[in-house]
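Listing of query_8.tsv, TSV, C-alpha atoms and all ligand atoms
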```tsv
chain	number	residue	atom	x	y	z
H	1	MET	CA	104.63	135.60	52.54
H	2	ASN	CA	103.11	136.04	55.97
H	3	ARG	CA	101.55	132.60	55.66
H	4	VAL	CA	104.90	131.01	54.77
H	5	ARG	CA	106.54	132.79	57.71
H	6	SER	CA	103.93	131.63	60.17
H	7	THR	CA	104.09	128.03	58.83
H	8	ILE	CA	107.88	127.98	59.37
H	9	ALA	CA	107.48	129.50	62.85
H	10	CYS	CA	104.87	126.88	63.67
H	11	CYS	CA	107.19	124.01	62.53
H	12	VAL	CA	110.16	125.39	64.46
H	13	THR	CA	108.01	125.75	67.58
H	14	ALA	CA	106.80	122.16	67.20
H	15	MET	CA	110.37	120.90	66.82
H	16	LEU	CA	111.56	122.84	69.86
H	17	PHE	CA	108.61	121.58	71.88
H	18	ALA	CA	109.31	118.00	70.80
H	19	ALA	CA	112.96	118.32	71.85
H	20	SER	CA	112.17	119.91	75.19
H	21	THR	CA	109.58	117.30	76.10
H	22	GLY	CA	112.01	114.55	75.14
H	23	VAL	CA	110.30	113.11	72.09
H	24	GLN	CA	113.23	110.68	72.15
H	25	ALA	CA	111.48	109.16	75.14
H	26	GLN	CA	108.84	107.82	72.77
H	27	ASN	CA	111.40	105.69	70.90
H	28	LYS	CA	112.55	102.35	72.17
H	29	ILE	CA	115.93	101.89	73.79
H	30	LYS	CA	118.07	99.48	71.81
H	31	VAL	CA	119.76	96.86	73.96
H	32	GLY	CA	122.27	94.59	72.21
H	33	PHE	CA	122.92	91.19	73.77
H	34	MET	CA	126.34	89.86	72.82
H	35	LEU	CA	126.33	86.44	74.46
H	36	PRO	CA	127.29	82.83	73.71
H	37	TYR	CA	124.27	80.97	72.34
H	38	THR	CA	126.33	78.03	71.07
H	39	GLY	CA	129.28	76.08	72.50
H	40	THR	CA	130.29	75.17	76.05
H	41	TYR	CA	128.91	78.46	77.51
H	42	ALA	CA	125.58	78.42	75.60
H	43	ALA	CA	123.43	77.73	78.67
H	44	LEU	CA	125.10	80.64	80.51
H	45	GLY	CA	124.19	83.08	77.73
H	46	THR	CA	120.56	81.99	77.73
H	47	ALA	CA	120.28	82.29	81.52
H	48	ILE	CA	121.71	85.83	81.40
H	49	GLU	CA	119.23	86.88	78.71
H	50	ASN	CA	116.36	85.29	80.66
H	51	GLY	CA	117.31	87.15	83.83
H	52	PHE	CA	117.65	90.48	82.01
H	53	ARG	CA	114.29	90.13	80.26
H	54	LEU	CA	112.61	89.12	83.53
H	55	TYR	CA	113.60	92.36	85.24
H	56	VAL	CA	112.43	94.43	82.27
H	57	GLN	CA	109.09	92.58	82.23
H	58	GLU	CA	108.69	93.30	85.94
H	59	GLN	CA	109.05	97.01	85.10
H	60	GLY	CA	106.20	96.79	82.59
H	61	GLY	CA	108.59	96.23	79.67
H	62	LYS	CA	110.29	99.62	80.19
H	63	LEU	CA	113.47	101.05	81.69
H	64	GLY	CA	113.58	104.75	82.47
H	65	GLY	CA	110.08	105.03	81.01
H	66	ARG	CA	111.11	103.73	77.57
H	67	GLU	CA	110.30	100.41	75.98
H	68	ILE	CA	113.17	98.11	75.06
H	69	ASP	CA	114.08	96.63	71.68
H	70	TYR	CA	116.48	93.69	71.81
H	71	TYR	CA	119.21	92.84	69.30
H	72	LYS	CA	121.25	89.64	69.57
H	73	VAL	CA	124.60	88.34	68.41
H	74	ASP	CA	126.00	84.88	69.21
H	75	ASP	CA	129.63	85.53	70.17
H	76	GLU	CA	130.41	81.76	70.25
H	77	SER	CA	132.90	82.50	73.08
H	78	GLU	CA	135.33	83.24	70.24
H	79	PRO	CA	137.75	86.11	70.95
H	80	SER	CA	138.93	86.29	67.31
H	81	LYS	CA	135.40	87.25	66.19
H	82	ALA	CA	134.70	89.61	69.09
H	83	VAL	CA	135.52	92.94	67.40
H	84	ASP	CA	133.36	92.17	64.35
H	85	ASN	CA	130.54	90.88	66.52
H	86	THR	CA	130.56	93.95	68.79
H	87	ASN	CA	130.55	96.20	65.72
H	88	LYS	CA	127.49	94.39	64.38
H	89	LEU	CA	125.59	95.66	67.40
H	90	ILE	CA	127.16	99.11	67.59
H	91	LYS	CA	127.56	100.07	63.93
H	92	ARG	CA	124.97	97.94	62.13
H	93	ASP	CA	122.17	97.89	64.73
H	94	ASN	CA	123.01	101.22	66.36
H	95	VAL	CA	122.31	99.95	69.88
H	96	ASP	CA	122.28	102.33	72.86
H	97	VAL	CA	123.91	99.80	75.17
H	98	VAL	CA	125.73	96.50	74.76
H	99	VAL	CA	125.11	93.77	77.36
H	100	GLY	CA	127.82	91.10	77.22
H	101	THR	CA	129.45	88.73	77.65
H	102	VAL	CA	130.42	85.48	79.37
H	103	HIS	CA	133.97	84.77	78.15
H	104	SER	CA	136.85	86.91	79.49
H	105	GLY	CA	138.81	86.83	76.23
H	106	VAL	CA	135.79	88.08	74.30
H	107	VAL	CA	134.96	90.83	76.79
H	108	MET	CA	138.42	92.36	76.54
H	109	ALA	CA	137.92	92.95	72.79
H	110	MET	CA	134.39	94.25	73.47
H	111	ALA	CA	135.69	96.71	76.06
H	112	LYS	CA	138.19	98.10	73.56
H	113	VAL	CA	135.45	98.69	70.96
H	114	ALA	CA	133.14	100.15	73.63
H	115	LYS	CA	135.89	102.55	74.71
H	116	ASP	CA	136.73	103.58	71.14
H	117	THR	CA	133.07	104.27	70.30
H	118	ASN	CA	132.05	105.50	73.78
H	119	THR	CA	129.26	102.92	73.86
H	120	LEU	CA	127.77	101.96	77.22
H	121	LEU	CA	128.81	98.38	78.09
H	122	VAL	CA	127.25	96.36	80.92
H	123	ILE	CA	129.06	93.09	81.60
H	124	PRO	CA	126.75	90.36	82.93
H	125	ASN	CA	129.42	87.70	83.60
H	126	ALA	CA	132.97	87.77	82.18
H	127	GLY	CA	135.32	88.42	85.09
H	128	ALA	CA	138.44	89.64	83.22
H	129	ARG	CA	140.27	91.92	85.62
H	130	ALA	CA	141.70	94.10	82.84
H	131	VAL	CA	138.33	95.68	81.98
H	132	THR	CA	137.93	97.09	85.48
H	133	GLY	CA	141.70	97.47	85.86
H	134	PRO	CA	143.89	99.19	83.26
H	135	MET	CA	140.99	99.40	80.75
H	136	CYS	CA	138.45	100.79	83.23
H	137	ALA	CA	136.32	103.61	81.84
H	138	PRO	CA	133.20	105.64	82.70
H	139	ASN	CA	131.14	103.74	80.10
H	140	ILE	CA	132.11	100.22	81.29
H	141	PHE	CA	130.24	98.54	84.17
H	142	ARG	CA	130.28	95.00	85.54
H	143	ALA	CA	127.25	93.51	87.32
H	144	SER	CA	128.85	90.13	88.04
H	145	PHE	CA	132.26	89.56	89.70
H	146	SER	CA	135.97	89.69	88.97
H	147	ASN	CA	137.66	86.35	88.37
H	148	TRP	CA	139.83	87.08	91.38
H	149	GLN	CA	136.93	87.35	93.88
H	150	PRO	CA	135.57	83.78	94.17
H	151	GLY	CA	139.10	82.41	93.77
H	152	TYR	CA	140.37	84.48	96.71
H	153	ALA	CA	137.49	83.29	98.92
H	154	MET	CA	138.10	79.64	98.03
H	155	GLY	CA	141.82	79.98	98.75
H	156	LYS	CA	141.05	81.19	102.26
H	157	VAL	CA	138.51	78.42	102.85
H	158	ALA	CA	140.80	75.68	101.49
H	159	GLY	CA	143.67	76.90	103.67
H	160	GLU	CA	141.46	77.11	106.75
H	161	ARG	CA	140.40	73.52	106.06
H	162	GLY	CA	144.03	72.40	106.18
H	163	ALA	CA	145.18	72.46	102.54
H	164	LYS	CA	148.88	73.29	102.45
H	165	LYS	CA	149.95	72.12	98.99
H	166	VAL	CA	147.42	72.56	96.21
H	167	VAL	CA	147.41	71.73	92.48
H	168	THR	CA	145.30	73.95	90.23
H	169	ILE	CA	143.73	73.03	86.92
H	170	THR	CA	142.04	75.44	84.48
H	171	TRP	CA	141.52	76.39	80.88
H	172	LYS	CA	144.45	78.54	79.75
H	173	TYR	CA	142.88	81.97	79.33
H	174	ALA	CA	142.26	85.08	81.46
H	175	ALA	CA	139.42	83.59	83.53
H	176	GLY	CA	141.40	80.50	84.54
H	177	ASP	CA	144.63	82.42	85.14
H	178	GLU	CA	142.93	85.10	87.27
H	179	SER	CA	140.83	82.62	89.20
H	180	VAL	CA	144.04	80.80	90.17
H	181	GLU	CA	145.65	84.15	91.04
H	182	GLY	CA	142.82	84.89	93.46
H	183	PHE	CA	142.99	81.40	94.90
H	184	ARG	CA	146.74	81.70	95.43
H	185	ASP	CA	146.32	85.06	97.19
H	186	GLY	CA	143.63	83.67	99.50
H	187	LEU	CA	145.56	80.47	100.24
H	188	LYS	CA	148.67	82.49	101.04
H	189	THR	CA	146.86	84.27	103.89
H	190	THR	CA	146.66	80.87	105.60
H	191	GLY	CA	150.24	79.78	104.86
H	192	GLY	CA	149.35	77.37	102.01
H	193	GLU	CA	150.79	77.36	98.49
H	194	VAL	CA	150.01	76.35	94.92
H	195	VAL	CA	152.61	73.73	93.99
H	196	LYS	CA	151.58	73.01	90.40
H	197	GLU	CA	149.41	74.81	87.81
H	198	LEU	CA	147.91	72.54	85.17
H	199	THR	CA	146.18	74.00	82.12
H	200	LEU	CA	144.59	73.02	78.84
H	201	PRO	CA	143.33	75.19	75.98
H	202	PHE	CA	139.73	76.51	76.08
H	203	PRO	CA	137.32	74.74	75.50
H	204	ASN	CA	139.23	71.41	75.45
H	205	VAL	CA	137.83	68.70	77.77
H	206	GLU	CA	140.44	65.96	77.36
H	207	PHE	CA	141.29	65.82	81.09
H	208	GLN	CA	142.67	62.28	81.39
H	209	ALA	CA	146.41	62.96	81.20
H	210	LEU	CA	146.11	65.84	83.68
H	211	LEU	CA	144.08	63.75	86.13
H	212	THR	CA	146.84	61.13	86.01
H	213	GLU	CA	149.36	63.87	86.82
H	214	ILE	CA	147.23	65.04	89.77
H	215	ALA	CA	147.05	61.50	91.14
H	216	ALA	CA	150.83	61.20	90.93
H	217	SER	CA	151.39	64.59	92.66
H	218	LYS	CA	149.26	63.65	95.69
H	219	PRO	CA	148.41	67.25	96.70
H	220	ASP	CA	146.31	68.11	99.77
H	221	ALA	CA	143.63	69.51	97.47
H	222	VAL	CA	142.82	70.48	93.88
H	223	TYR	CA	141.38	73.84	92.79
H	224	ALA	CA	139.62	73.83	89.41
H	225	PHE	CA	138.13	76.62	87.30
H	226	PHE	CA	135.74	75.33	84.63
H	227	ALA	CA	132.19	76.38	83.77
H	228	GLY	CA	129.25	75.26	81.65
H	229	GLY	CA	129.69	72.05	79.63
H	230	GLY	CA	133.39	71.82	80.55
H	231	ALA	CA	132.58	71.88	84.28
H	232	VAL	CA	130.12	69.01	83.83
H	233	LYS	CA	132.74	66.88	82.13
H	234	PHE	CA	135.54	67.75	84.57
H	235	VAL	CA	133.59	66.96	87.73
H	236	LYS	CA	132.41	63.65	86.25
H	237	ASP	CA	135.91	62.68	85.08
H	238	TYR	CA	137.41	63.60	88.50
H	239	ALA	CA	134.96	61.26	90.21
H	240	ALA	CA	135.32	58.53	87.58
H	241	ALA	CA	139.08	58.55	88.18
H	242	GLY	CA	138.36	57.98	91.90
H	243	LEU	CA	140.15	61.18	92.89
H	244	ASN	CA	137.13	62.53	94.79
H	245	LYS	CA	137.72	59.82	97.40
H	246	THR	CA	141.25	60.93	98.27
H	247	ILE	CA	141.85	64.53	97.16
H	248	PRO	CA	139.28	67.25	97.99
H	249	LEU	CA	138.20	69.18	94.91
H	250	TYR	CA	137.51	72.91	95.38
H	251	GLY	CA	136.52	75.57	92.90
H	252	PRO	CA	134.76	78.86	92.30
H	253	GLY	CA	131.01	78.23	92.19
H	254	PHE	CA	131.01	78.09	88.37
H	255	LEU	CA	132.20	74.50	88.76
H	256	THR	CA	128.75	73.45	90.00
H	257	ASP	CA	126.33	76.28	89.11
H	258	GLY	CA	123.73	75.44	86.46
H	259	THR	CA	125.38	72.04	86.02
H	260	LEU	CA	124.15	69.82	88.86
H	261	GLU	CA	121.56	67.84	86.93
H	262	ALA	CA	124.17	66.81	84.40
H	263	GLN	CA	126.86	66.16	87.04
H	264	GLY	CA	124.61	64.01	89.24
H	265	ALA	CA	126.32	61.94	91.93
H	266	ALA	CA	129.81	63.11	90.91
H	267	ALA	CA	129.17	66.60	92.33
H	268	GLN	CA	127.66	65.62	95.68
H	269	GLY	CA	129.42	67.21	98.65
H	270	LEU	CA	131.61	69.57	96.62
H	271	LEU	CA	132.50	72.87	98.30
H	272	THR	CA	132.69	76.02	96.19
H	273	THR	CA	132.63	79.79	96.76
H	274	LEU	CA	130.53	82.31	94.88
H	275	HIS	CA	128.46	85.49	95.23
H	276	TYR	CA	125.26	83.43	95.00
H	277	ALA	CA	123.93	80.27	96.65
H	278	ASP	CA	120.78	78.21	97.02
H	279	GLY	CA	118.90	78.72	100.28
H	280	LEU	CA	119.87	82.33	100.96
H	281	ASP	CA	117.52	83.85	103.48
H	282	ILE	CA	116.94	86.97	101.39
H	283	ALA	CA	113.40	88.13	100.56
H	284	LYS	CA	114.47	89.48	97.16
H	285	ASP	CA	115.95	86.09	96.27
H	286	LYS	CA	112.77	84.25	97.19
H	287	ALA	CA	110.68	86.60	95.02
H	288	PHE	CA	113.18	86.37	92.16
H	289	ARG	CA	113.28	82.58	92.24
H	290	SER	CA	109.54	82.17	92.14
H	291	ALA	CA	109.19	84.76	89.33
H	292	TYR	CA	111.97	83.10	87.32
H	293	ASN	CA	110.45	79.67	87.86
H	294	ALA	CA	107.03	80.94	86.77
H	295	ALA	CA	108.47	82.58	83.64
H	296	TYR	CA	110.89	79.87	82.48
H	297	LYS	CA	109.76	76.68	84.29
H	298	MET	CA	113.18	76.18	85.85
H	299	GLN	CA	115.26	77.34	88.80
H	300	PRO	CA	117.64	80.27	88.20
H	301	ASP	CA	121.40	80.00	88.59
H	302	VAL	CA	124.09	82.63	89.17
H	303	TYR	CA	124.09	83.60	85.49
H	304	ALA	CA	120.35	84.38	85.59
H	305	VAL	CA	120.95	86.54	88.68
H	306	GLN	CA	123.72	88.44	86.90
H	307	GLY	CA	121.45	89.07	83.87
H	308	TYR	CA	118.72	90.32	86.19
H	309	ASP	CA	121.16	92.62	88.00
H	310	SER	CA	122.59	93.95	84.72
H	311	ALA	CA	119.08	95.13	83.86
H	312	GLN	CA	118.67	96.58	87.37
H	313	LEU	CA	121.94	98.49	87.07
H	314	LEU	CA	121.08	99.87	83.63
H	315	GLY	CA	117.57	100.64	84.89
H	316	ALA	CA	118.98	102.72	87.76
H	317	GLY	CA	120.90	104.86	85.27
H	318	LEU	CA	118.00	105.24	82.84
H	319	ALA	CA	115.53	106.10	85.61
H	320	ALA	CA	117.77	108.98	86.73
H	321	VAL	CA	117.70	110.55	83.25
H	322	LYS	CA	114.09	109.55	82.49
H	323	GLY	CA	115.29	107.44	79.59
H	324	ASP	CA	117.30	110.22	77.95
H	325	THR	CA	120.50	108.37	77.03
H	326	ALA	CA	122.02	111.62	75.72
H	327	LYS	CA	122.47	112.67	79.35
H	328	ARG	CA	125.38	110.27	79.62
H	329	ASN	CA	127.20	111.90	82.55
H	330	GLU	CA	124.09	111.85	84.76
H	331	LEU	CA	123.28	108.31	83.66
H	332	VAL	CA	126.79	107.09	84.56
H	333	ALA	CA	126.72	108.95	87.89
H	334	ALA	CA	123.43	107.23	88.81
H	335	MET	CA	124.80	103.80	87.89
H	336	GLU	CA	127.92	104.48	89.97
H	337	LYS	CA	125.80	105.36	93.00
H	338	ALA	CA	123.25	102.55	92.56
H	339	LYS	CA	122.51	100.20	95.43
H	340	ILE	CA	121.40	97.04	93.68
H	341	ASP	CA	118.72	95.04	95.48
H	342	SER	CA	120.04	91.77	94.12
H	343	PRO	CA	118.87	88.19	94.78
H	344	ARG	CA	122.50	87.61	95.91
H	345	GLY	CA	122.11	90.35	98.57
H	346	THR	CA	122.35	94.13	98.18
H	347	PHE	CA	125.56	95.32	96.55
H	348	THR	CA	127.20	98.59	95.51
H	349	LEU	CA	129.92	99.25	92.98
H	350	SER	CA	133.58	100.03	93.62
H	351	LYS	CA	135.26	103.04	92.00
H	352	SER	CA	136.24	100.79	89.11
H	353	HIS	CA	132.52	99.88	88.48
H	354	GLU	CA	132.70	96.38	89.96
H	355	PRO	CA	130.40	94.77	92.58
H	356	VAL	CA	131.61	94.88	96.17
H	357	GLN	CA	129.91	91.78	97.51
H	358	ASP	CA	129.81	88.89	99.95
H	359	MET	CA	131.37	85.60	98.89
H	360	TYR	CA	129.44	82.56	100.07
H	361	LEU	CA	130.73	79.09	100.86
H	362	ARG	CA	128.31	76.53	99.35
H	363	LYS	CA	128.03	72.74	99.50
H	364	VAL	CA	126.39	70.57	96.85
H	365	GLU	CA	123.43	68.70	98.30
H	366	GLY	CA	121.12	67.04	95.80
H	367	MET	CA	120.40	69.56	93.07
H	368	GLN	CA	121.41	72.56	95.19
H	369	ASN	CA	124.50	74.61	95.90
H	370	LYS	CA	123.41	75.02	99.50
H	371	TYR	CA	124.49	78.12	101.44
H	372	VAL	CA	126.95	77.20	104.23
H	373	SER	CA	128.38	80.51	105.43
H	374	VAL	CA	129.77	83.88	104.35
H	375	ALA	CA	133.35	83.07	103.36
H	376	VAL	CA	134.41	86.71	102.87
H	377	LYS	CA	132.23	89.73	103.64
H	378	GLY	CA	132.06	92.73	101.28
H	379	LEU	CA	134.93	91.63	99.05
H	380	ALA	CA	136.20	94.20	96.55
H	381	ASP	CA	138.69	93.42	93.81
H	382	PRO	CA	141.63	95.81	94.35
H	383	SER	CA	141.34	96.64	90.59
H	384	PRO	CA	145.06	97.25	90.04
H	385	GLY	CA	145.76	99.74	87.25
H	386	CYS	CA	142.35	101.45	87.20
H	387	LYS	CA	142.75	105.23	87.07
H	388	MET	CA	139.24	106.60	87.39
A	401	LIG	C1	134.98	84.11	82.15
A	401	LIG	O1	135.47	83.78	81.05
A	401	LIG	O2	135.27	85.18	82.69
A	401	LIG	C2	134.04	83.18	82.83
A	401	LIG	C3	133.32	82.26	82.11
A	401	LIG	C4	132.43	81.43	82.75
A	401	LIG	C5	132.25	81.54	84.12
A	401	LIG	C6	132.98	82.45	84.84
A	401	LIG	C7	133.89	83.28	84.21
```

Show me, as structure tokens, the structure contained in the file I just sent.
Amino acid sequence: MNRVRSTIACCVTAMLFAASTGVQAQNKIKVGFMLPYTGTYAALGTAIENGFRLYVQEQGGKLGGREIDYYKVDDESEPSKAVDNTNKLIKRDNVDVVVGTVHSGVVMAMAKVAKDTNTLLVIPNAGARAVTGPMCAPNIFRASFSNWQPGYAMGKVAGERGAKKVVTITWKYAAGDESVEGFRDGLKTTGGEVVKELTLPFPNVEFQALLTEIAASKPDAVYAFFAGGGAVKFVKDYAAAGLNKTIPLYGPGFLTDGTLEAQGAAAQGLLTTLHYADGLDIAKDKAFRSAYNAAYKMQPDVYAVQGYDSAQLLGAGLAAVKGDTAKRNELVAAMEKAKIDSPRGTFTLSKSHEPVQDMYLRKVEGMQNKYVSVAVKGLADPSPGCKM
């Protein structure tokens, strides 16, 4: 009997010891990538994953002292599949954190599932304002931008360059709508106005009829939100129609980021605004670019930076709790306070968990989105509707 008692006591002691020394820290942290790996945004998803993995590799393959296991789902930039796809990571794979996605329509469904299940969500691109507005929550962070931010900066720049009447053209979904909203707000500060808003469904690239309408409207400038494969086609079609000779084309930097090789001559000279640029005089950027080039044999773009910074942001939280994800409140508090040493320049987060960051004016020269100036310093999305 005594032997049985002492065996039980020994097991209980071992269990308590294991718990107190954080045996959990021996297990790997499960990170679920929900990103587009097919379709018009496929290259963006790959760049984000590359950037994320690069940061983890630089930390010896660990965040908060724990190794990382990756799980992946191709979200196809398809909002109607977003709930099922998010649940594959959360319920089937039991991930500790979801990293995703690119498309604003998809991220809104992801944010709802993340809220309902209290899963940590780090957004490495999608700029939908709702997720850091009315849907904002302690477990939802964005390491990228809000759709409003680059649009607002470009509106100011376009107005300062003399654009009074502007036509906008976008895909008809949250990212396009909010990018135009930002542009309109920025343009308004200079006395300019948006006179016509043209749209087509995502990811349609039949631009011809709309380009004909632009030519007939004769605006002072055009503002376009497209990204990935759609941006390549739009910029080429705009030039092929001869519009680049008479009507300046402006956009958020997504119009020319990661796309220049495919756009070629059609993109030369284009001005865009974004939270990243080529030729930034930032030591962290130089180190990041050479590490990325060494790892993937290509230059990084803004999407790679955002993936890298998503890992940095998560890493800041995990380091504070030594990898113990059960200490959620402390983890969230550390992420909220993090100062991210980003290749784009150091940034902090607003109360709604969104980067407060400089917006750069860039000009396409050769294969680069060359830094021109800071268009707006320390820009924060006002995050209307966020009660946190
Ligand atoms: C978005 O859907 O939020 C988005 C997609 C590509 C580039 C920028 C924003």

Write out as CSV a residue-level contact list of chain H versus ligand LIG 401 (chain A) with cut-off 9 Å: for each qualifying residue the closest pair of atoms and the distance in Å to one decimal, counting only C-alpha atoms and all ligand atoms, rows sorted by chain and residue number upward.
```
residue,atom,partner,partner_atom,distance
H:Tyr41,CA,A:LIG401,C4,7.0
H:Leu44,CA,A:LIG401,C4,7.7
H:Ser77,CA,A:LIG401,O1,8.5
H:Thr101,CA,A:LIG401,O2,8.5
H:Val102,CA,A:LIG401,C3,5.1
H:His103,CA,A:LIG401,O1,3.4
H:Ser104,CA,A:LIG401,O1,3.8
H:Gly105,CA,A:LIG401,O1,6.6
H:Val106,CA,A:LIG401,O1,8.0
H:Val107,CA,A:LIG401,O2,8.2
H:Asn125,CA,A:LIG401,C7,6.3
H:Ala126,CA,A:LIG401,O2,3.5
H:Gly127,CA,A:LIG401,O2,4.0
H:Ala128,CA,A:LIG401,O2,5.5
H:Arg129,CA,A:LIG401,O2,8.9
H:Phe145,CA,A:LIG401,C7,8.5
H:Ser146,CA,A:LIG401,O2,7.8
H:Asn147,CA,A:LIG401,O2,6.3
H:Tyr173,CA,A:LIG401,O1,7.8
H:Ala174,CA,A:LIG401,O1,6.9
H:Ala175,CA,A:LIG401,O2,4.5
H:Gly176,CA,A:LIG401,O1,7.6
H:Glu178,CA,A:LIG401,O2,8.9
H:Ser179,CA,A:LIG401,C7,8.6
H:Phe225,CA,A:LIG401,C6,8.2
H:Phe226,CA,A:LIG401,C5,7.1
H:Ala227,CA,A:LIG401,C4,5.2
H:Gly228,CA,A:LIG401,C4,7.0
H:Pro252,CA,A:LIG401,C6,8.5
H:Gly253,CA,A:LIG401,C6,8.7
H:Phe254,CA,A:LIG401,C5,5.6
H:Leu255,CA,A:LIG401,C5,8.4
H:Tyr303,CA,A:LIG401,C5,8.5
```

Checklist entry - By how many Å are CA of Lys81 (chain H) and CA of Tyr37 (chain H) apart? => result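 Separation between CA of Lys81 (chain H) and CA of Tyr37 (chain H): 14.2 Å.
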
Checklist outcome for this item: Among H:Ile29, H:Pro219, H:Glu365, H:Val131, Gly64 (chain H) is approached most closely, using only C-alpha atoms, by H:Ile29

Item to check | Residue contacts of Ala338 (chain H) (7 Å, all atoms listed in the file) excluding same-chain residues fewer than 6 positions away, as a PyMOL selection string | outcome: chain H and resi 313+316+348

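Note that CA of Gln299 (chain H) and CA of Gly65 (chain H) are 29.2 Å apart.
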
Item to check | Selected residue of minimal separation from Leu260 (chain H) among H:Ala240, H:Val364, H:Leu349, H:Ala334, counting all atoms listed in the file | outcome: H:Val364

Next on the checklist: Within 12 Å of (111.1, 69.4, 88.5) (file coordinates; only C-alpha atoms), which protein or nucleic acid residues are there? I'd like them as JSON, numbers by chain.
Outcome noted: {"H": [261, 293, 297, 298, 299, 367]}

Checklist entry - In Å, with one decimal, what is the gap from CA of Tyr152 (chain H) to CA of Gly269 (chain H)? => result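 So the answer is 20.5 Å.
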
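Distances to Gly317 (chain H) were evaluated for H:Gln263, H:Thr46, H:Asn94, H:Asn139 using all atoms listed in the file, and the minimum falls at H:Asn139.
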
Cut-off 9 Å: closest region 197-285 of chain H/region 157-161 of chain H atom pairs per residue, using all atoms listed in the file, as CSV:
```
residue,atom,partner,partner_atom,distance
H:Ala221,CA,H:Ala158,CA,7.9
H:Tyr223,CA,H:Ala158,CA,8.9
H:Tyr250,CA,H:Ala158,CA,7.5
H:Thr273,CA,H:Val157,CA,8.6
```

Report as CSV the residues of region 112-152 of chain H within 12 Å of region 327-333 of chain H, each with its shortest atom pair and distance in Å (one decimal), using all atoms listed in the file, ordered by chain and increasing residue number.
```
residue,atom,partner,partner_atom,distance
H:Asn118,CA,H:Arg328,CA,10.1
H:Thr119,CA,H:Arg328,CA,10.1
H:Leu120,CA,H:Arg328,CA,9.0
H:Leu121,CA,H:Val332,CA,11.0
H:Val122,CA,H:Val332,CA,11.3
H:Ala137,CA,H:Val332,CA,10.5
H:Pro138,CA,H:Val332,CA,6.8
H:Asn139,CA,H:Val332,CA,7.1
H:Ile140,CA,H:Val332,CA,9.3
H:Phe141,CA,H:Val332,CA,9.2
```

Suppose we keep C-alpha atoms; can you now write the selection as a PDB file, keeping the file's coordinate frame?
```
ATOM      1  CA  ASN H 118     132.050 105.500  73.780  1.00  0.00           C
ATOM      2  CA  THR H 119     129.260 102.920  73.860  1.00  0.00           C
ATOM      3  CA  LEU H 120     127.770 101.960  77.220  1.00  0.00           C
ATOM      4  CA  LEU H 121     128.810  98.380  78.090  1.00  0.00           C
ATOM      5  CA  VAL H 122     127.250  96.360  80.920  1.00  0.00           C
ATOM      6  CA  ALA H 137     136.320 103.610  81.840  1.00  0.00           C
ATOM      7  CA  PRO H 138     133.200 105.640  82.700  1.00  0.00           C
ATOM      8  CA  ASN H 139     131.140 103.740  80.100  1.00  0.00           C
ATOM      9  CA  ILE H 140     132.110 100.220  81.290  1.00  0.00           C
ATOM     10  CA  PHE H 141     130.240  98.540  84.170  1.00  0.00           C
TER      11      PHE H 141
END
```

Next on the checklist: Ranking H:Met135, H:Leu249, H:Ala130, H:Ala114 by minimum distance to Ile169 (chain H) and counting only C-alpha atoms, which one comes first?
Outcome noted: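 Selected residue with least distance to Ile169 (chain H): H:Leu249.
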
Item to check | Nearest-residue call for Tyr70 (chain H), choices H:Ala47, H:Val83, H:Ala294, H:Val98, using all atoms listed in the file | outcome: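 Going through H:Ala47, H:Val83, H:Ala294, H:Val98 one by one, the smallest distance to Tyr70 (chain H) is for H:Val98.
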
Only C-alpha atoms needed: put region 164-188 of chain H from the block into a file as a PDB file, in the first residue's frame.
```pdb
ATOM      1  CA  LYS H 164      -8.644  68.886 -59.269  1.00  0.00           C
ATOM      2  CA  LYS H 165     -11.000  66.394 -60.924  1.00  0.00           C
ATOM      3  CA  VAL H 166     -10.083  62.740 -60.615  1.00  0.00           C
ATOM      4  CA  VAL H 167     -11.646  59.495 -61.886  1.00  0.00           C
ATOM      5  CA  THR H 168     -11.082  56.378 -59.780  1.00  0.00           C
ATOM      6  CA  ILE H 169     -11.080  52.785 -60.960  1.00  0.00           C
ATOM      7  CA  THR H 170     -10.995  49.683 -58.733  1.00  0.00           C
ATOM      8  CA  TRP H 171     -12.278  46.190 -58.181  1.00  0.00           C
ATOM      9  CA  LYS H 172     -15.648  46.397 -56.429  1.00  0.00           C
ATOM     10  CA  TYR H 173     -14.889  45.076 -52.959  1.00  0.00           C
ATOM     11  CA  ALA H 174     -13.775  46.452 -49.574  1.00  0.00           C
ATOM     12  CA  ALA H 175     -10.138  47.072 -50.566  1.00  0.00           C
ATOM     13  CA  GLY H 176     -11.042  49.089 -53.668  1.00  0.00           C
ATOM     14  CA  ASP H 177     -13.861  50.983 -51.952  1.00  0.00           C
ATOM     15  CA  GLU H 178     -11.739  51.894 -48.909  1.00  0.00           C
ATOM     16  CA  SER H 179      -8.698  52.803 -50.969  1.00  0.00           C
ATOM     17  CA  VAL H 180     -10.866  55.271 -52.906  1.00  0.00           C
ATOM     18  CA  GLU H 181     -12.324  56.551 -49.625  1.00  0.00           C
ATOM     19  CA  GLY H 182      -8.822  57.332 -48.371  1.00  0.00           C
ATOM     20  CA  PHE H 183      -7.880  58.928 -51.672  1.00  0.00           C
ATOM     21  CA  ARG H 184     -10.993  61.106 -51.614  1.00  0.00           C
ATOM     22  CA  ASP H 185     -10.246  62.231 -48.041  1.00  0.00           C
ATOM     23  CA  GLY H 186      -6.653  63.132 -48.927  1.00  0.00           C
ATOM     24  CA  LEU H 187      -7.616  64.892 -52.157  1.00  0.00           C
ATOM     25  CA  LYS H 188     -10.262  66.900 -50.311  1.00  0.00           C
TER      26      LYS H 188
END
```
